[in-house]
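Okay, structure first, notes after.
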Amino acid sequence: MTSKLEQLRSMTTVVADTGDIEAVARLKPVDCTTNPSIVLKALGTDAFKDAFQEAITWGKAKGGKDDAVIGAIADRMAISVGAALAALVPGRVSTEVDADLSFDTKASIEKAHQIIAGYKERGIEKDRILIKLASTWEGIRAAEVLQKEGIDCNLTLLFSKAQAIACAEAKVFLISPFVGRILDWYKKSTGQDYTSETDPGVVSVRSIYNYYKANGIGTIVMGASFRNAGEIAALAGCDRLTISPQLLDELNAAEGTLTRALSPDTIKTEPLVSLDEKAFRWAMNEDAMATEKLAEGIRGFAKDLGTLRGQIAKALAA
């Protein structure tokens, strides 16, 4: 019998949520996703030791140690990780705009252009890259502009249907609704345990998937942030799922039948909704989980980005 991972591949595009080169080469996902935490971890490994030093040498040649140079070096390092992953996967690699730009539409667009230019310098065209932005109102507006320019975006830190609806209206290429972090919040808030079927993160992604398919929305739904293989099985059939190497290995070792849970053929009719900025912000205000997890996620990514910048500053001074 084929493994559950192979069965999953037959109904869902499998994406690796990692910067681990060895794991990507071994597990052969279609795409890879990264974030500041993943990039920071990757750059601390032997695989990217030379890339870190190359970026520092490049930065020193720029003749400065100010914030702009440090930021450019951090971008170069993130692109080094993305380029290495792009050499291993046939599809796309997501690279994230700085978390501290999550509430600045103009600066997010400028940073996205810089990232795309950095990849182009390495011979990697924009059709291999997804620009990753936090699903704030400002991030979604930046994605709307970038999509019109032909730059596809991955809207991350997505915890609510309101965020998903706003992304659809902006014609975003792909969204990454977070499953595990939603579960974390509800477990802490209620003190309850959940099955794969009652898991609030699973329920949220299923609802978004149904809304998109019911209304012919082309935005790709890619479930992310999984805590266990049960959550993945409960979303089998979703457009894409981005999964950690640990859970990919677990699925690869698991036998038994994996039943498709999501399919365009079993969609329930649902009315199309439109959200302006006022309605979006009110919907987020009324959703404590989404508001708290979005803010927490931005803070976490900003912290890791700050750690990387600190390491760069120290290396420049050495």
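In the structure tokens, the first chain shown is A, the next is B, and so on; residue numbers restart at 1 for each chain, and ligands run from 1 in the order shown.
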For Gln163 (chain A): contacts at 12 Å, only C-alpha atoms, fewer than 6 positions along chain excluded, given as a VMD selection string
chain A and resid 134 to 141 155 to 157 169 to 170 172 175 to 178 204 to 205 208 273 to 277 279 to 285 287 290 to 291 294
Residues from the last selection, N, CA, C and O atoms, saved as a short mmCIF file (atom, residue, chain, number, x, y, z; two decimals), in the first residue's frame:
```
data_model
loop_
_atom_site.label_atom_id
_atom_site.label_comp_id
_atom_site.auth_asym_id
_atom_site.auth_seq_id
_atom_site.Cartn_x
_atom_site.Cartn_y
_atom_site.Cartn_z
N ALA A 134 2.11 39.75 5.25
CA ALA A 134 1.14 39.52 6.33
C ALA A 134 -0.24 39.98 5.88
O ALA A 134 -0.38 40.97 5.15
N SER A 135 -1.27 39.27 6.33
CA SER A 135 -2.65 39.57 5.90
C SER A 135 -3.28 40.70 6.72
O SER A 135 -4.39 40.59 7.26
N THR A 136 -2.55 41.82 6.80
CA THR A 136 -3.12 43.06 7.32
C THR A 136 -3.84 43.76 6.18
O THR A 136 -3.67 43.39 5.01
N TRP A 137 -4.63 44.79 6.50
CA TRP A 137 -5.27 45.55 5.43
C TRP A 137 -4.23 46.13 4.48
O TRP A 137 -4.35 46.07 3.26
N GLU A 138 -3.13 46.65 5.08
CA GLU A 138 -2.07 47.25 4.28
C GLU A 138 -1.32 46.21 3.45
O GLU A 138 -0.95 46.48 2.29
N GLY A 139 -1.10 45.04 4.02
CA GLY A 139 -0.44 43.97 3.28
C GLY A 139 -1.27 43.50 2.10
O GLY A 139 -0.74 43.22 1.01
N ILE A 140 -2.57 43.42 2.30
CA ILE A 140 -3.48 43.00 1.23
C ILE A 140 -3.51 44.04 0.11
O ILE A 140 -3.53 43.70 -1.07
N ARG A 141 -3.48 45.30 0.49
CA ARG A 141 -3.46 46.37 -0.53
C ARG A 141 -2.15 46.34 -1.32
O ARG A 141 -2.14 46.56 -2.53
N LEU A 155 -0.29 35.45 0.86
CA LEU A 155 -0.71 36.20 2.04
C LEU A 155 -0.73 35.27 3.24
O LEU A 155 -1.50 34.31 3.30
N THR A 156 0.14 35.58 4.19
CA THR A 156 0.37 34.71 5.34
C THR A 156 -0.24 35.29 6.61
O THR A 156 -0.86 36.35 6.58
N LEU A 157 -0.06 34.58 7.72
CA LEU A 157 -0.66 34.99 9.00
C LEU A 157 -2.15 35.28 8.82
O LEU A 157 -2.67 36.31 9.23
N GLU A 169 -10.84 39.49 -2.96
CA GLU A 169 -11.21 40.72 -3.67
C GLU A 169 -9.98 41.41 -4.27
O GLU A 169 -10.08 42.07 -5.31
N ALA A 170 -8.81 41.22 -3.63
CA ALA A 170 -7.57 41.80 -4.15
C ALA A 170 -6.95 40.93 -5.24
O ALA A 170 -5.91 41.28 -5.79
N VAL A 172 -5.51 38.02 -4.94
CA VAL A 172 -4.24 37.47 -4.47
C VAL A 172 -4.06 36.07 -5.07
O VAL A 172 -5.02 35.30 -5.19
N ILE A 175 -3.28 32.17 -0.54
CA ILE A 175 -3.35 32.51 0.88
C ILE A 175 -2.88 31.32 1.72
O ILE A 175 -3.00 30.17 1.30
N SER A 176 -2.32 31.62 2.89
CA SER A 176 -1.84 30.58 3.80
C SER A 176 -2.58 30.67 5.14
O SER A 176 -2.07 31.27 6.09
N PRO A 177 -3.79 30.12 5.22
CA PRO A 177 -4.49 30.12 6.51
C PRO A 177 -3.78 29.21 7.50
O PRO A 177 -3.42 28.08 7.17
N PHE A 178 -3.55 29.69 8.72
CA PHE A 178 -2.80 28.97 9.73
C PHE A 178 -3.72 28.08 10.56
O PHE A 178 -4.61 28.58 11.24
N SER A 204 -11.88 26.31 10.12
CA SER A 204 -11.67 27.60 9.46
C SER A 204 -11.24 27.43 8.01
O SER A 204 -11.78 28.07 7.10
N VAL A 205 -10.27 26.55 7.76
CA VAL A 205 -9.78 26.35 6.39
C VAL A 205 -10.86 25.72 5.52
O VAL A 205 -11.03 26.09 4.35
N ILE A 208 -13.19 28.51 4.47
CA ILE A 208 -12.59 29.37 3.44
C ILE A 208 -12.57 28.65 2.09
O ILE A 208 -12.91 29.24 1.06
N VAL A 273 -19.39 37.88 -0.63
CA VAL A 273 -19.36 39.00 0.30
C VAL A 273 -18.30 40.00 -0.15
O VAL A 273 -17.27 39.62 -0.71
N SER A 274 -18.55 41.29 0.10
CA SER A 274 -17.57 42.33 -0.20
C SER A 274 -17.25 43.09 1.07
O SER A 274 -18.14 43.39 1.88
N LEU A 275 -15.97 43.37 1.29
CA LEU A 275 -15.54 44.08 2.50
C LEU A 275 -14.72 45.31 2.13
O LEU A 275 -13.70 45.20 1.46
N ASP A 276 -15.18 46.50 2.58
CA ASP A 276 -14.33 47.67 2.47
C ASP A 276 -13.45 47.74 3.72
O ASP A 276 -13.51 46.85 4.59
N GLU A 277 -12.62 48.74 3.83
CA GLU A 277 -11.68 48.82 4.95
C GLU A 277 -12.39 48.85 6.30
O GLU A 277 -11.99 48.16 7.25
N ALA A 279 -15.37 47.68 7.11
CA ALA A 279 -15.97 46.37 7.41
C ALA A 279 -14.89 45.34 7.77
O ALA A 279 -15.08 44.52 8.67
N PHE A 280 -13.76 45.40 7.08
CA PHE A 280 -12.65 44.49 7.37
C PHE A 280 -12.13 44.70 8.79
O PHE A 280 -11.97 43.75 9.56
N ARG A 281 -11.87 45.96 9.12
CA ARG A 281 -11.32 46.23 10.45
C ARG A 281 -12.31 45.88 11.55
O ARG A 281 -11.92 45.41 12.63
N TRP A 282 -13.59 46.09 11.29
CA TRP A 282 -14.59 45.73 12.30
C TRP A 282 -14.66 44.22 12.48
O TRP A 282 -14.73 43.72 13.60
N ALA A 283 -14.62 43.49 11.37
CA ALA A 283 -14.66 42.03 11.45
C ALA A 283 -13.45 41.50 12.22
O ALA A 283 -13.58 40.58 13.03
N MET A 284 -12.29 42.09 12.00
CA MET A 284 -11.10 41.68 12.75
C MET A 284 -11.24 42.05 14.22
O MET A 284 -10.86 41.28 15.11
N ASN A 285 -11.78 43.22 14.49
CA ASN A 285 -11.97 43.65 15.88
C ASN A 285 -12.88 42.69 16.64
O ASN A 285 -12.68 42.44 17.84
N ASP A 287 -13.15 39.53 16.12
CA ASP A 287 -12.55 38.19 16.17
C ASP A 287 -11.27 38.26 17.01
O ASP A 287 -10.19 38.56 16.51
N ALA A 290 -8.26 36.00 15.78
CA ALA A 290 -7.57 36.47 14.59
C ALA A 290 -6.73 37.70 14.89
O ALA A 290 -5.59 37.83 14.42
N THR A 291 -7.29 38.63 15.66
CA THR A 291 -6.57 39.85 16.00
C THR A 291 -5.31 39.54 16.81
O THR A 291 -4.22 40.04 16.52
N LEU A 294 -2.67 37.36 14.69
CA LEU A 294 -2.02 38.17 13.65
C LEU A 294 -0.94 39.05 14.27
O LEU A 294 0.20 39.09 13.80
#
```
So that each row is one residue of region 187-272 of chain A with an atom at most 8 Å from region 1-6 of chain A, can you give its shortest atom pair and the distance in Å to one decimal, using only C-alpha atoms, rows by chain and rising number, as a Markdown table?
```
| residue | atom | partner | partner_atom | distance |
| --- | --- | --- | --- | --- |
| A:Leu248 | CA | A:Leu5 | CA | 6.9 |
| A:Leu251 | CA | A:Leu5 | CA | 4.9 |
| A:Asn252 | CA | A:Leu5 | CA | 4.9 |
| A:Ala253 | CA | A:Ser3 | CA | 6.4 |
| A:Ala254 | CA | A:Ser3 | CA | 5.6 |
| A:Glu255 | CA | A:Ser3 | CA | 4.9 |
| A:Gly256 | CA | A:Lys4 | CA | 6.8 |
| A:Thr257 | CA | A:Lys4 | CA | 7.0 |
| A:Leu258 | CA | A:Lys4 | CA | 5.9 |
```
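With distances restricted to only C-alpha atoms, A:Arg206 is the closest residue to Glu231 (chain A) from A:Lys126, A:Lys120, A:Lys161, A:Arg206.
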Would you mind listing, for every residue of region 142-260 of chain A within 8 Å of region 27-47 of chain A, the two atoms forming the shortest contact and the distance between them in Å to one decimal, using only C-alpha atoms, sorted by chain and ascending residue number, as a tab-separated table?
```
residue	atom	partner	partner_atom	distance
A:Thr242	CA	A:Thr33	CA	7.2
A:Pro245	CA	A:Leu27	CA	7.7
A:Leu248	CA	A:Leu27	CA	7.5
A:Asp249	CA	A:Leu27	CA	8.0
```
Output of the above residues as a short mmCIF file (atom, residue, chain, number, x, y, z; two decimals), in the first residue's frame, restricted to all heavy atoms:
```cif
data_model
loop_
_atom_site.label_atom_id
_atom_site.label_comp_id
_atom_site.auth_asym_id
_atom_site.auth_seq_id
_atom_site.Cartn_x
_atom_site.Cartn_y
_atom_site.Cartn_z
N THR A 242 1.20 23.26 3.14
CA THR A 242 2.62 23.43 3.42
C THR A 242 2.93 22.78 4.76
O THR A 242 2.33 23.13 5.79
CB THR A 242 3.06 24.91 3.37
OG1 THR A 242 4.46 25.00 3.65
CG2 THR A 242 2.27 25.79 4.32
N PRO A 245 9.07 19.19 7.59
CA PRO A 245 9.72 17.91 7.28
C PRO A 245 9.35 16.81 8.28
O PRO A 245 9.19 15.65 7.88
CB PRO A 245 11.21 18.25 7.37
CG PRO A 245 11.28 19.68 6.99
CD PRO A 245 10.05 20.30 7.61
N LEU A 248 6.01 15.56 7.27
CA LEU A 248 6.12 14.89 5.98
C LEU A 248 6.70 13.49 6.16
O LEU A 248 6.23 12.52 5.55
CB LEU A 248 6.99 15.70 5.02
CG LEU A 248 6.36 16.98 4.44
CD1 LEU A 248 7.42 17.79 3.70
CD2 LEU A 248 5.19 16.64 3.52
N ASP A 249 7.70 13.37 7.01
CA ASP A 249 8.29 12.05 7.29
C ASP A 249 7.27 11.13 7.96
O ASP A 249 7.20 9.94 7.66
CB ASP A 249 9.52 12.20 8.19
CG ASP A 249 10.75 12.66 7.43
OD1 ASP A 249 10.84 12.36 6.22
OD2 ASP A 249 11.62 13.30 8.05
#
```
One decimal, Å: what's the distance from CA of Leu272 (chain A) over to CA of Thr219 (chain A), could you say?
14.2 Å
Quick one: residues within 8 Å of region 93-101 of chain A, only C-alpha atoms counted, chain neighbours fewer than 6 positions away excluded, as an MDAnalysis selection string?
chainID A and resid 31:36 78:79 82 85:86 107:108 111:112 115 128:134 154 298:299 301:302 305
According to DSSP computed on the backbone, where in region 44-244 of chain A is there strand (DSSP E or B)? Give the residues as a PyMOL selection string.
chain A and resi 93-96+129-134+153-158+174-178+220-224+240-243
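Each of A:Ser189, A:Gln147, A:Ser196, A:Ser207 was checked against Ala164 (chain A) using only C-alpha atoms; the smallest atom-to-atom distance is that of A:Ser207.
You can rank A:Val15, A:Ile73, A:Cys153, A:Ala51 by their closest distance to Val89 (chain A) using only C-alpha atoms, and at the top of that list sits A:Val15.
Picture a line from CA of Gly191 (chain A) to CA of Glu292 (chain A); it runs 17.4 Å.
Distances here use only C-alpha atoms; by that measure, the residue among A:Leu146, A:Arg227, A:Lys293, A:Thr269 closest to Leu158 (chain A) is A:Lys293.
Taking CA of Ser10 (chain A) as the reference point, CA of Val221 (chain A) is found at 16.6 Å.
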Which residues of region 69-173 of chain A come within 12 Å of region 55-58 of chain A, and what is each one's closest atom pair and distance in Å (one decimal), counting only C-alpha atoms, sorted by chain and residue number, as a Markdown table?
```
| residue | atom | partner | partner_atom | distance |
| --- | --- | --- | --- | --- |
| A:Val69 | CA | A:Trp58 | CA | 9.8 |
| A:Ile70 | CA | A:Ile56 | CA | 9.1 |
| A:Gly71 | CA | A:Ala55 | CA | 11.1 |
| A:Ala72 | CA | A:Ala55 | CA | 9.1 |
| A:Ile73 | CA | A:Ala55 | CA | 5.8 |
| A:Ala74 | CA | A:Ala55 | CA | 8.1 |
| A:Asp75 | CA | A:Ala55 | CA | 9.2 |
| A:Arg76 | CA | A:Ala55 | CA | 6.3 |
| A:Met77 | CA | A:Ala55 | CA | 6.3 |
| A:Ala78 | CA | A:Ala55 | CA | 10.0 |
| A:Ile79 | CA | A:Ala55 | CA | 10.3 |
| A:Ser80 | CA | A:Ala55 | CA | 8.8 |
| A:Val81 | CA | A:Ala55 | CA | 11.6 |
```
Write down as a PyMOL selection string the residues belonging to region 16-67 of chain A that are assigned helix (DSSP H, G or I) by DSSP computed on the backbone.
chain A and resi 21-27+36-43+46-61+67
If you count only C-alpha atoms, which residues fall within 8 Å of Asp239 (chain A), apart from same-chain ones fewer than 4 positions away, as a ChimeraX atom specification?
/A:12-13,220-222
Taking N, CA and C atoms for each residue, export the selection above as a compact mmCIF listing (two decimals), in the first residue's frame.
```txt
# COMPACT_ATOMS: atom_id res chain seq x y z
N THR A 12 -3.56 16.73 -3.48
CA THR A 12 -3.15 18.04 -2.97
C THR A 12 -1.71 18.31 -3.39
N THR A 13 -1.40 19.54 -3.74
CA THR A 13 -0.01 19.92 -3.99
C THR A 13 0.71 20.05 -2.66
N ILE A 220 -5.61 30.48 -4.55
CA ILE A 220 -5.25 29.16 -4.03
C ILE A 220 -5.29 29.16 -2.51
N VAL A 221 -5.88 28.11 -1.93
CA VAL A 221 -5.91 27.94 -0.48
C VAL A 221 -4.82 26.95 -0.09
N MET A 222 -3.86 27.41 0.71
CA MET A 222 -2.77 26.54 1.15
C MET A 222 -2.74 26.50 2.68
```
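Take the candidates A:Ala224, A:Ile165, A:Val179, A:Ala234 and check each one against Tyr211 (chain A) using only C-alpha atoms; the shortest distance goes to A:Ile165.
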